[in-house]
file final08.txt (compact mmCIF, C-alpha atoms)
# COMPACT_ATOMS: atom_id res chain seq x y z
CA MET A 1 28.62 19.59 -46.80
CA ALA A 2 25.68 21.99 -46.83
CA LYS A 3 26.23 25.72 -47.17
CA LEU A 4 24.48 29.08 -47.09
CA ILE A 5 24.86 31.69 -49.83
CA LEU A 6 24.40 35.23 -48.45
CA SER A 7 23.18 37.81 -50.95
CA MET A 8 21.44 41.19 -51.15
CA ASP A 9 19.59 42.56 -54.19
CA GLY A 10 20.87 39.62 -56.22
CA LEU A 11 24.54 40.29 -55.38
CA VAL A 12 26.32 37.37 -53.70
CA LEU A 13 28.17 38.59 -50.60
CA LYS A 14 29.48 35.46 -48.95
CA GLU A 15 29.42 31.67 -48.92
CA ILE A 16 29.23 29.98 -45.51
CA LEU A 17 29.90 26.27 -44.99
CA LEU A 18 27.78 24.63 -42.30
CA ASP A 19 30.81 22.99 -40.71
CA LYS A 20 29.75 23.51 -37.07
CA GLU A 21 26.74 22.33 -35.13
CA ARG A 22 25.49 25.78 -34.12
CA LEU A 23 25.83 28.84 -36.37
CA THR A 24 24.36 32.16 -35.21
CA ILE A 25 23.11 35.00 -37.40
CA GLY A 26 22.70 38.58 -36.21
CA ARG A 27 23.87 42.19 -36.12
CA LYS A 28 26.28 41.85 -33.17
CA PRO A 29 29.96 41.07 -33.95
CA HIS A 30 30.04 37.80 -31.98
CA ASN A 31 27.67 36.08 -34.45
CA ASP A 32 29.06 33.55 -36.91
CA ILE A 33 27.27 35.43 -39.69
CA GLN A 34 27.24 39.14 -38.85
CA ILE A 35 24.85 41.32 -40.86
CA ASP A 36 25.37 44.94 -39.84
CA ASN A 37 21.90 46.26 -40.61
CA LEU A 38 19.30 47.81 -38.31
CA ALA A 39 16.62 45.47 -39.68
CA ILE A 40 18.57 42.56 -38.19
CA SER A 41 18.37 41.85 -34.47
CA GLY A 42 21.54 41.55 -32.40
CA GLU A 43 20.96 37.80 -32.19
CA HIS A 44 18.47 37.14 -34.96
CA ALA A 45 18.49 33.41 -35.77
CA VAL A 46 20.49 30.21 -35.44
CA VAL A 47 21.11 27.23 -37.72
CA VAL A 48 21.71 23.92 -35.93
CA THR A 49 23.29 21.21 -38.10
CA ILE A 50 23.28 17.57 -36.98
CA LEU A 51 24.74 15.03 -39.37
CA ASP A 52 23.15 15.89 -42.75
CA ASP A 53 20.19 17.83 -41.37
CA SER A 54 19.92 21.53 -40.54
CA PHE A 55 17.29 23.34 -38.45
CA LEU A 56 16.64 27.09 -38.56
CA GLU A 57 15.29 28.82 -35.45
CA ASP A 58 14.29 32.47 -35.11
CA LEU A 59 15.62 33.84 -31.80
CA ASN A 60 12.61 36.05 -31.08
CA SER A 61 13.93 38.66 -33.51
CA THR A 62 12.19 42.04 -33.82
CA ASN A 63 11.38 41.75 -37.53
CA GLY A 64 11.09 37.98 -37.79
CA THR A 65 12.56 35.41 -40.16
CA LEU A 66 11.05 34.24 -43.43
CA VAL A 67 11.69 31.04 -45.36
CA ASN A 68 10.46 31.03 -48.94
CA GLY A 69 8.25 34.01 -48.11
CA GLN A 70 6.64 32.45 -45.02
CA ALA A 71 7.30 33.59 -41.44
CA VAL A 72 8.84 30.80 -39.36
CA LYS A 73 9.80 30.22 -35.76
CA LYS A 74 11.51 26.88 -36.35
CA HIS A 75 12.07 25.27 -39.73
CA PHE A 76 13.70 22.10 -41.04
CA LEU A 77 15.82 23.32 -43.96
CA ARG A 78 15.52 21.71 -47.38
CA ASN A 79 17.70 22.11 -50.46
CA HIS A 80 17.18 25.53 -52.15
CA ASP A 81 15.24 27.03 -49.24
CA VAL A 82 15.70 30.81 -49.11
CA ILE A 83 15.97 32.45 -45.67
CA GLU A 84 14.95 36.12 -45.72
CA LEU A 85 16.28 38.58 -43.14
CA GLY A 86 15.18 42.06 -44.15
CA LYS A 87 16.79 42.77 -47.54
CA TYR A 88 19.27 39.92 -47.10
CA ARG A 89 18.86 36.40 -48.43
CA LEU A 90 20.52 33.16 -47.32
CA LYS A 91 20.08 30.29 -49.78
CA TYR A 92 20.48 26.82 -48.29
CA LEU A 93 22.24 24.30 -50.55
CA THR A 94 23.14 20.68 -49.86
CA ASP A 95 25.57 18.30 -51.53
CA ALA A 96 22.62 16.34 -52.95
CA GLN A 97 22.24 18.69 -55.92
CA ALA A 98 25.82 18.05 -57.00
CA GLN A 99 25.65 14.29 -56.45
CA PRO A 100 22.17 12.96 -57.34
CA THR A 101 21.37 9.45 -56.14
CA GLU A 102 21.06 6.61 -58.63
CA SER A 103 17.41 6.13 -57.74
CA ALA A 104 16.48 9.69 -58.68
CA ALA A 105 14.82 9.98 -62.06
CA PRO A 106 16.63 12.18 -64.63
CA GLY A 107 15.73 15.82 -64.21
CA ARG A 108 13.98 15.22 -60.88
CA VAL A 109 15.14 15.82 -57.33
CA ALA A 110 14.57 13.13 -54.73
CA PRO A 111 11.97 14.20 -52.12
CA PRO A 112 13.46 15.82 -49.01
CA LYS A 113 13.49 14.16 -45.63
CA THR A 114 11.16 15.39 -42.93
CA PRO A 115 12.26 16.44 -39.43
CA ALA A 116 11.79 14.30 -36.38
CA GLU A 117 9.40 15.60 -33.77
CA LEU A 118 8.68 13.24 -30.89
CA ALA A 119 6.83 15.19 -28.22
CA LEU A 120 6.98 13.71 -24.74
CA ALA A 121 3.27 14.21 -24.16
CA PRO A 122 0.81 12.32 -21.92
CA SER A 123 -0.25 8.97 -23.34
CA SER A 124 -3.67 10.39 -24.28
CA GLU A 125 -2.03 12.76 -26.75
CA PRO A 126 -0.65 11.59 -30.10
CA THR A 127 3.08 11.46 -30.56
CA ARG A 128 4.83 12.06 -33.83
CA SER A 129 7.12 9.50 -35.37
CA ASN A 130 10.86 9.75 -35.71
CA ILE A 131 12.65 10.71 -38.87
CA GLY A 132 13.43 8.22 -41.60
CA THR A 133 17.07 8.79 -42.45
CA THR A 134 20.07 7.17 -44.02
CA SER A 135 21.26 3.69 -43.06
CA ARG A 136 22.40 3.59 -39.47
CA PRO A 137 25.85 2.50 -38.29
CA THR A 138 26.18 -1.17 -37.36
CA ALA A 139 29.14 -0.97 -34.95
CA LEU A 140 27.16 0.63 -32.13
CA PRO A 141 25.18 -1.47 -29.66
CA PRO A 142 21.43 -0.79 -29.65
CA ALA A 143 20.30 1.81 -27.13
CA ALA A 144 17.06 3.14 -25.69
CA ILE A 145 15.68 5.71 -23.29
CA GLN A 146 13.21 5.00 -20.50
CA LEU A 147 10.93 7.69 -19.08
CA LEU A 148 11.36 8.07 -15.32
CA ASN A 149 8.45 10.38 -14.46
CA GLY A 150 5.16 11.70 -15.78
CA PRO A 151 2.16 9.83 -17.24
CA ASN A 152 4.43 7.69 -19.44
CA ALA A 153 6.85 6.66 -16.67
CA GLY A 154 8.41 3.28 -17.44
CA LYS A 155 7.88 3.57 -21.19
CA GLU A 156 10.90 2.73 -23.35
CA LEU A 157 11.84 4.22 -26.71
CA MET A 158 14.41 2.45 -28.86
CA LEU A 159 16.90 4.78 -30.53
CA GLN A 160 16.75 3.07 -33.91
CA LYS A 161 16.94 6.13 -36.14
CA THR A 162 19.89 8.34 -36.97
CA LEU A 163 18.07 11.24 -35.30
CA THR A 164 15.56 11.11 -32.47
CA THR A 165 14.00 14.41 -31.38
CA LEU A 166 12.71 14.74 -27.83
CA GLY A 167 10.84 17.45 -25.97
CA LYS A 168 7.99 19.85 -26.57
CA PRO A 169 8.12 21.89 -29.80
CA GLY A 170 7.94 25.59 -29.00
CA THR A 171 9.20 25.01 -25.45
CA GLN A 172 12.30 22.82 -25.35
CA VAL A 173 13.65 20.40 -27.94
CA ALA A 174 16.81 18.30 -28.05
CA VAL A 175 18.09 15.74 -30.53
CA ILE A 176 19.86 12.43 -29.85
CA ALA A 177 22.07 11.60 -32.82
CA ARG A 178 23.35 8.09 -33.50
CA ARG A 179 26.86 8.50 -34.90
CA PRO A 180 29.49 5.93 -35.89
CA HIS A 181 31.37 6.55 -32.65
CA GLY A 182 28.50 6.90 -30.18
CA TYR A 183 25.25 8.58 -29.20
CA PHE A 184 25.21 12.36 -28.72
CA ILE A 185 22.62 14.79 -27.38
CA THR A 186 22.33 18.36 -28.73
CA HIS A 187 20.10 21.27 -27.73
CA VAL A 188 17.94 22.46 -30.65
CA GLU A 189 15.18 24.77 -29.41
CA GLY A 190 14.22 26.75 -26.33
CA THR A 191 15.86 29.10 -23.84
CA VAL A 192 16.21 26.31 -21.25
CA PHE A 193 18.89 23.74 -22.00
CA PRO A 194 18.70 20.00 -21.29
CA ILE A 195 20.17 18.64 -18.06
CA LEU A 196 22.50 15.62 -18.16
CA ASN A 197 23.30 13.90 -14.86
CA GLY A 198 22.41 17.08 -12.95
CA GLU A 199 24.53 19.38 -15.14
CA THR A 200 23.01 21.88 -17.59
CA LEU A 201 24.32 21.36 -21.12
CA ASP A 202 25.58 24.06 -23.45
CA THR A 203 25.15 24.47 -27.21
CA GLN A 204 27.63 21.72 -28.12
CA ALA A 205 26.89 18.03 -28.68
CA HIS A 206 27.54 15.85 -25.62
CA PRO A 207 28.25 12.10 -25.70
CA LEU A 208 25.86 9.83 -23.83
CA GLY A 209 27.01 7.03 -21.56
CA ASP A 210 25.21 3.99 -20.21
CA HIS A 211 22.60 4.93 -17.56
CA ASP A 212 22.96 8.68 -18.08
CA VAL A 213 19.92 10.61 -16.82
CA ILE A 214 18.54 13.32 -19.12
CA GLU A 215 15.95 15.96 -18.23
CA ILE A 216 14.08 17.74 -21.04
CA ALA A 217 11.02 19.98 -20.58
CA GLY A 218 10.47 18.63 -17.07
CA THR A 219 10.61 14.98 -18.15
CA LYS A 220 13.41 12.77 -16.83
CA MET A 221 14.65 9.80 -18.81
CA GLU A 222 17.47 7.29 -18.60
CA PHE A 223 19.70 6.46 -21.55
CA PHE A 224 21.00 2.89 -21.59
CA PHE A 225 22.45 0.28 -23.91
CA LYS A 226 20.31 -2.75 -24.61
CA ALA A 227 21.91 -6.08 -23.82
call {"tool": "encode", "arguments": {"input": "final08.txt", "output": "structure tokens"}}
result
Amino acid sequence: MAKLILSMDGLVLKEILLDKERLTIGRKPHNDIQIDNLAISGEHAVVVTILDDSFLEDLNSTNGTLVNGQAVKKHFLRNHDVIELGKYRLKYLTDAQAQPTESAAPGRVAPPKTPAELALAPSSEPTRSNIGTTSRPTALPPAAIQLLNGPNAGKELMLQKTLTTLGKPGTQVAVIARRPHGYFITHVEGTVFPILNGETLDTQAHPLGDHDVIEIAGTKMEFFFKA
């Protein structure tokens, strides 16, 4: 399980396991990681963890969020990334460093995975491919989504990867995760949450059923199992 190591001026303050899908960081007491410092916004940032992948999103904080010295709005976390919030540091560590794969050469770290970003854009605009991830479960039936409106209405997208990201980066993004016990949709980015069968979702993962209708960034789509 991945974790964050909170430190300041080289002194380790706390170790936080990423054992929940949404972990908030900020000055206010209700945050999962509270940092009581005026340089930190009340709700500064959030880390969304889906399966083995974690995304960092800055929540329009006053002083911004840095990763490895670079300002970020949304960032796919990789092993040993350092999140900087004022004088505080959060180091992201995964289990991979403790259990190297057999294919990794001695003394070398296997290259990190890249995040999925499939933007539901008009057909004239390029779309970005889904993430290449670990081997998918075999017990689940194959599933797909079909666009119901917009320039790409009628187009189908097979959910063949462990993670499929949908939406418009910078506006509204959600992830459909293929898990051993079903398909789940989770909000990742944006102030507006996805709508499932007419109901607005919250921050938790929600299971998808056959013929569920999803609305993300103004685009409606139907989730269904392939015969």
call {"tool": "closest_residue", "arguments": {"input": "final08.txt", "among": "A:Leu201, A:Thr171, A:Phe184, A:Leu148", "to": "Ala217 (chain A)", "atoms": "only C-alpha atoms"}}
result
A:Thr171
call {"tool": "atom_distance", "arguments": {"input": "final08.txt", "atom1": "CA of Gln70 (chain A)", "atom2": "CA of Asp58 (chain A)"}}
result
12.5 Å
call {"tool": "residues_around", "arguments": {"input": "final08.txt", "residues": "region 40-44 of chain A", "least_positions_apart": "2", "cutoff": "12 Å", "atoms": "only C-alpha atoms", "output": "PyMOL selection string"}}
result
chain A and resi 23-38+46-47+56-66+73+83-89
call {"tool": "closest_residue", "arguments": {"input": "final08.txt", "among": "A:Ile216, A:Val67, A:Ala2, A:Leu77", "to": "Phe55 (chain A)", "atoms": "all atoms listed in the file"}}
result
A:Leu77
call {"tool": "closest_residue", "arguments": {"input": "final08.txt", "among": "A:Leu11, A:Leu159, A:Ala227, A:Ala144", "to": "Ala177 (chain A)", "atoms": "only C-alpha atoms"}}
result
A:Leu159
call {"tool": "residues_around", "arguments": {"input": "final08.txt", "residues": "Ile195 (chain A)", "least_positions_apart": "5", "cutoff": "10 Å", "atoms": "all atoms listed in the file", "output": "ChimeraX atom specification"}}
result
/A:200-202,213-218,220
call {"tool": "atom_distance", "arguments": {"input": "final08.txt", "atom1": "CA of Ile16 (chain A)", "atom2": "CA of Asp53 (chain A)"}}
result
15.7 Å
call {"tool": "atom_distance", "arguments": {"input": "final08.txt", "atom1": "CA of Lys74 (chain A)", "atom2": "CA of Lys3 (chain A)"}}
result
18.3 Å
call {"tool": "closest_residue", "arguments": {"input": "final08.txt", "among": "A:Gly209, A:Pro151, A:Gly198, A:Pro141", "to": "Pro180 (chain A)", "atoms": "all atoms listed in the file"}}
result
A:Pro141
call {"tool": "axis_aligned_box", "arguments": {"input": "final08.txt", "around": "region 90-93 of chain A", "padding_each_side": "4 Å", "output": "AutoDock Vina command-line options"}}
result
--center_x 21.2 --center_y 28.7 --center_z -48.9 --size_x 10.2 --size_y 16.9 --size_z 11.2
call {"tool": "build_atoms", "arguments": {"input": "final08.txt", "residues": "region 1-12 of chain A", "atoms": "all heavy atoms", "output": "PDB file, keeping the file's coordinate frame"}}
result
ATOM      1  N   MET A   1      28.976  18.749 -47.948  1.00  0.00           N
ATOM      2  CA  MET A   1      28.620  19.590 -46.800  1.00  0.00           C
ATOM      3  C   MET A   1      27.687  20.705 -47.258  1.00  0.00           C
ATOM      4  O   MET A   1      27.913  21.348 -48.281  1.00  0.00           O
ATOM      5  CB  MET A   1      29.902  20.191 -46.185  1.00  0.00           C
ATOM      6  CG  MET A   1      29.652  21.076 -44.983  1.00  0.00           C
ATOM      7  SD  MET A   1      31.184  21.752 -44.317  1.00  0.00           S
ATOM      8  CE  MET A   1      32.016  20.241 -43.798  1.00  0.00           C
ATOM      9  N   ALA A   2      26.638  20.944 -46.487  1.00  0.00           N
ATOM     10  CA  ALA A   2      25.680  21.990 -46.830  1.00  0.00           C
ATOM     11  C   ALA A   2      26.311  23.365 -46.638  1.00  0.00           C
ATOM     12  O   ALA A   2      27.296  23.535 -45.910  1.00  0.00           O
ATOM     13  CB  ALA A   2      24.431  21.850 -45.972  1.00  0.00           C
ATOM     14  N   LYS A   3      25.716  24.364 -47.282  1.00  0.00           N
ATOM     15  CA  LYS A   3      26.230  25.720 -47.170  1.00  0.00           C
ATOM     16  C   LYS A   3      25.115  26.730 -47.334  1.00  0.00           C
ATOM     17  O   LYS A   3      24.016  26.407 -47.793  1.00  0.00           O
ATOM     18  CB  LYS A   3      27.316  25.971 -48.234  1.00  0.00           C
ATOM     19  CG  LYS A   3      26.833  25.836 -49.665  1.00  0.00           C
ATOM     20  CD  LYS A   3      27.996  25.988 -50.652  1.00  0.00           C
ATOM     21  CE  LYS A   3      27.544  25.781 -52.090  1.00  0.00           C
ATOM     22  NZ  LYS A   3      28.676  25.884 -53.036  1.00  0.00           N
ATOM     23  N   LEU A   4      25.390  27.964 -46.925  1.00  0.00           N
ATOM     24  CA  LEU A   4      24.480  29.080 -47.090  1.00  0.00           C
ATOM     25  C   LEU A   4      25.134  30.113 -47.998  1.00  0.00           C
ATOM     26  O   LEU A   4      26.335  30.414 -47.841  1.00  0.00           O
ATOM     27  CB  LEU A   4      24.150  29.726 -45.744  1.00  0.00           C
ATOM     28  CG  LEU A   4      23.363  28.881 -44.738  1.00  0.00           C
ATOM     29  CD1 LEU A   4      23.305  29.590 -43.384  1.00  0.00           C
ATOM     30  CD2 LEU A   4      21.954  28.596 -45.239  1.00  0.00           C
ATOM     31  N   ILE A   5      24.368  30.648 -48.936  1.00  0.00           N
ATOM     32  CA  ILE A   5      24.860  31.690 -49.830  1.00  0.00           C
ATOM     33  C   ILE A   5      24.171  32.992 -49.435  1.00  0.00           C
ATOM     34  O   ILE A   5      22.957  33.143 -49.585  1.00  0.00           O
ATOM     35  CB  ILE A   5      24.565  31.377 -51.310  1.00  0.00           C
ATOM     36  CG1 ILE A   5      25.106  29.993 -51.690  1.00  0.00           C
ATOM     37  CG2 ILE A   5      25.162  32.454 -52.204  1.00  0.00           C
ATOM     38  CD1 ILE A   5      26.603  29.861 -51.583  1.00  0.00           C
ATOM     39  N   LEU A   6      24.945  33.941 -48.891  1.00  0.00           N
ATOM     40  CA  LEU A   6      24.400  35.230 -48.450  1.00  0.00           C
ATOM     41  C   LEU A   6      24.409  36.211 -49.618  1.00  0.00           C
ATOM     42  O   LEU A   6      25.435  36.394 -50.290  1.00  0.00           O
ATOM     43  CB  LEU A   6      25.242  35.778 -47.301  1.00  0.00           C
ATOM     44  CG  LEU A   6      24.875  37.179 -46.778  1.00  0.00           C
ATOM     45  CD1 LEU A   6      23.481  37.173 -46.162  1.00  0.00           C
ATOM     46  CD2 LEU A   6      25.915  37.656 -45.758  1.00  0.00           C
ATOM     47  N   SER A   7      23.276  36.842 -49.856  1.00  0.00           N
ATOM     48  CA  SER A   7      23.180  37.810 -50.950  1.00  0.00           C
ATOM     49  C   SER A   7      22.258  38.959 -50.561  1.00  0.00           C
ATOM     50  O   SER A   7      21.468  38.858 -49.615  1.00  0.00           O
ATOM     51  CB  SER A   7      22.659  37.134 -52.218  1.00  0.00           C
ATOM     52  OG  SER A   7      21.322  36.685 -52.038  1.00  0.00           O
ATOM     53  N   MET A   8      22.345  40.051 -51.314  1.00  0.00           N
ATOM     54  CA  MET A   8      21.440  41.190 -51.150  1.00  0.00           C
ATOM     55  C   MET A   8      21.208  41.806 -52.515  1.00  0.00           C
ATOM     56  O   MET A   8      22.178  42.078 -53.250  1.00  0.00           O
ATOM     57  CB  MET A   8      22.014  42.232 -50.191  1.00  0.00           C
ATOM     58  CG  MET A   8      21.046  43.392 -49.922  1.00  0.00           C
ATOM     59  SD  MET A   8      21.708  44.663 -48.830  1.00  0.00           S
ATOM     60  CE  MET A   8      22.956  45.387 -49.908  1.00  0.00           C
ATOM     61  N   ASP A   9      19.967  42.001 -52.882  1.00  0.00           N
ATOM     62  CA  ASP A   9      19.590  42.560 -54.190  1.00  0.00           C
ATOM     63  C   ASP A   9      20.247  41.788 -55.336  1.00  0.00           C
ATOM     64  O   ASP A   9      20.675  42.371 -56.337  1.00  0.00           O
ATOM     65  CB  ASP A   9      19.978  44.041 -54.262  1.00  0.00           C
ATOM     66  CG  ASP A   9      19.227  44.889 -53.252  1.00  0.00           C
ATOM     67  OD1 ASP A   9      18.083  44.512 -52.905  1.00  0.00           O
ATOM     68  OD2 ASP A   9      19.782  45.900 -52.791  1.00  0.00           O
ATOM     69  N   GLY A  10      20.329  40.473 -55.170  1.00  0.00           N
ATOM     70  CA  GLY A  10      20.870  39.620 -56.220  1.00  0.00           C
ATOM     71  C   GLY A  10      22.388  39.543 -56.263  1.00  0.00           C
ATOM     72  O   GLY A  10      22.952  38.780 -57.044  1.00  0.00           O
ATOM     73  N   LEU A  11      23.074  40.293 -55.407  1.00  0.00           N
ATOM     74  CA  LEU A  11      24.540  40.290 -55.380  1.00  0.00           C
ATOM     75  C   LEU A  11      25.019  39.340 -54.284  1.00  0.00           C
ATOM     76  O   LEU A  11      24.683  39.523 -53.104  1.00  0.00           O
ATOM     77  CB  LEU A  11      25.068  41.691 -55.111  1.00  0.00           C
ATOM     78  CG  LEU A  11      26.586  41.835 -54.984  1.00  0.00           C
ATOM     79  CD1 LEU A  11      27.278  41.482 -56.297  1.00  0.00           C
ATOM     80  CD2 LEU A  11      26.957  43.247 -54.538  1.00  0.00           C
ATOM     81  N   VAL A  12      25.792  38.329 -54.663  1.00  0.00           N
ATOM     82  CA  VAL A  12      26.320  37.370 -53.700  1.00  0.00           C
ATOM     83  C   VAL A  12      27.400  38.037 -52.858  1.00  0.00           C
ATOM     84  O   VAL A  12      28.362  38.604 -53.388  1.00  0.00           O
ATOM     85  CB  VAL A  12      26.878  36.128 -54.406  1.00  0.00           C
ATOM     86  CG1 VAL A  12      27.554  35.202 -53.389  1.00  0.00           C
ATOM     87  CG2 VAL A  12      25.767  35.375 -55.126  1.00  0.00           C
TER      88      VAL A  12
END
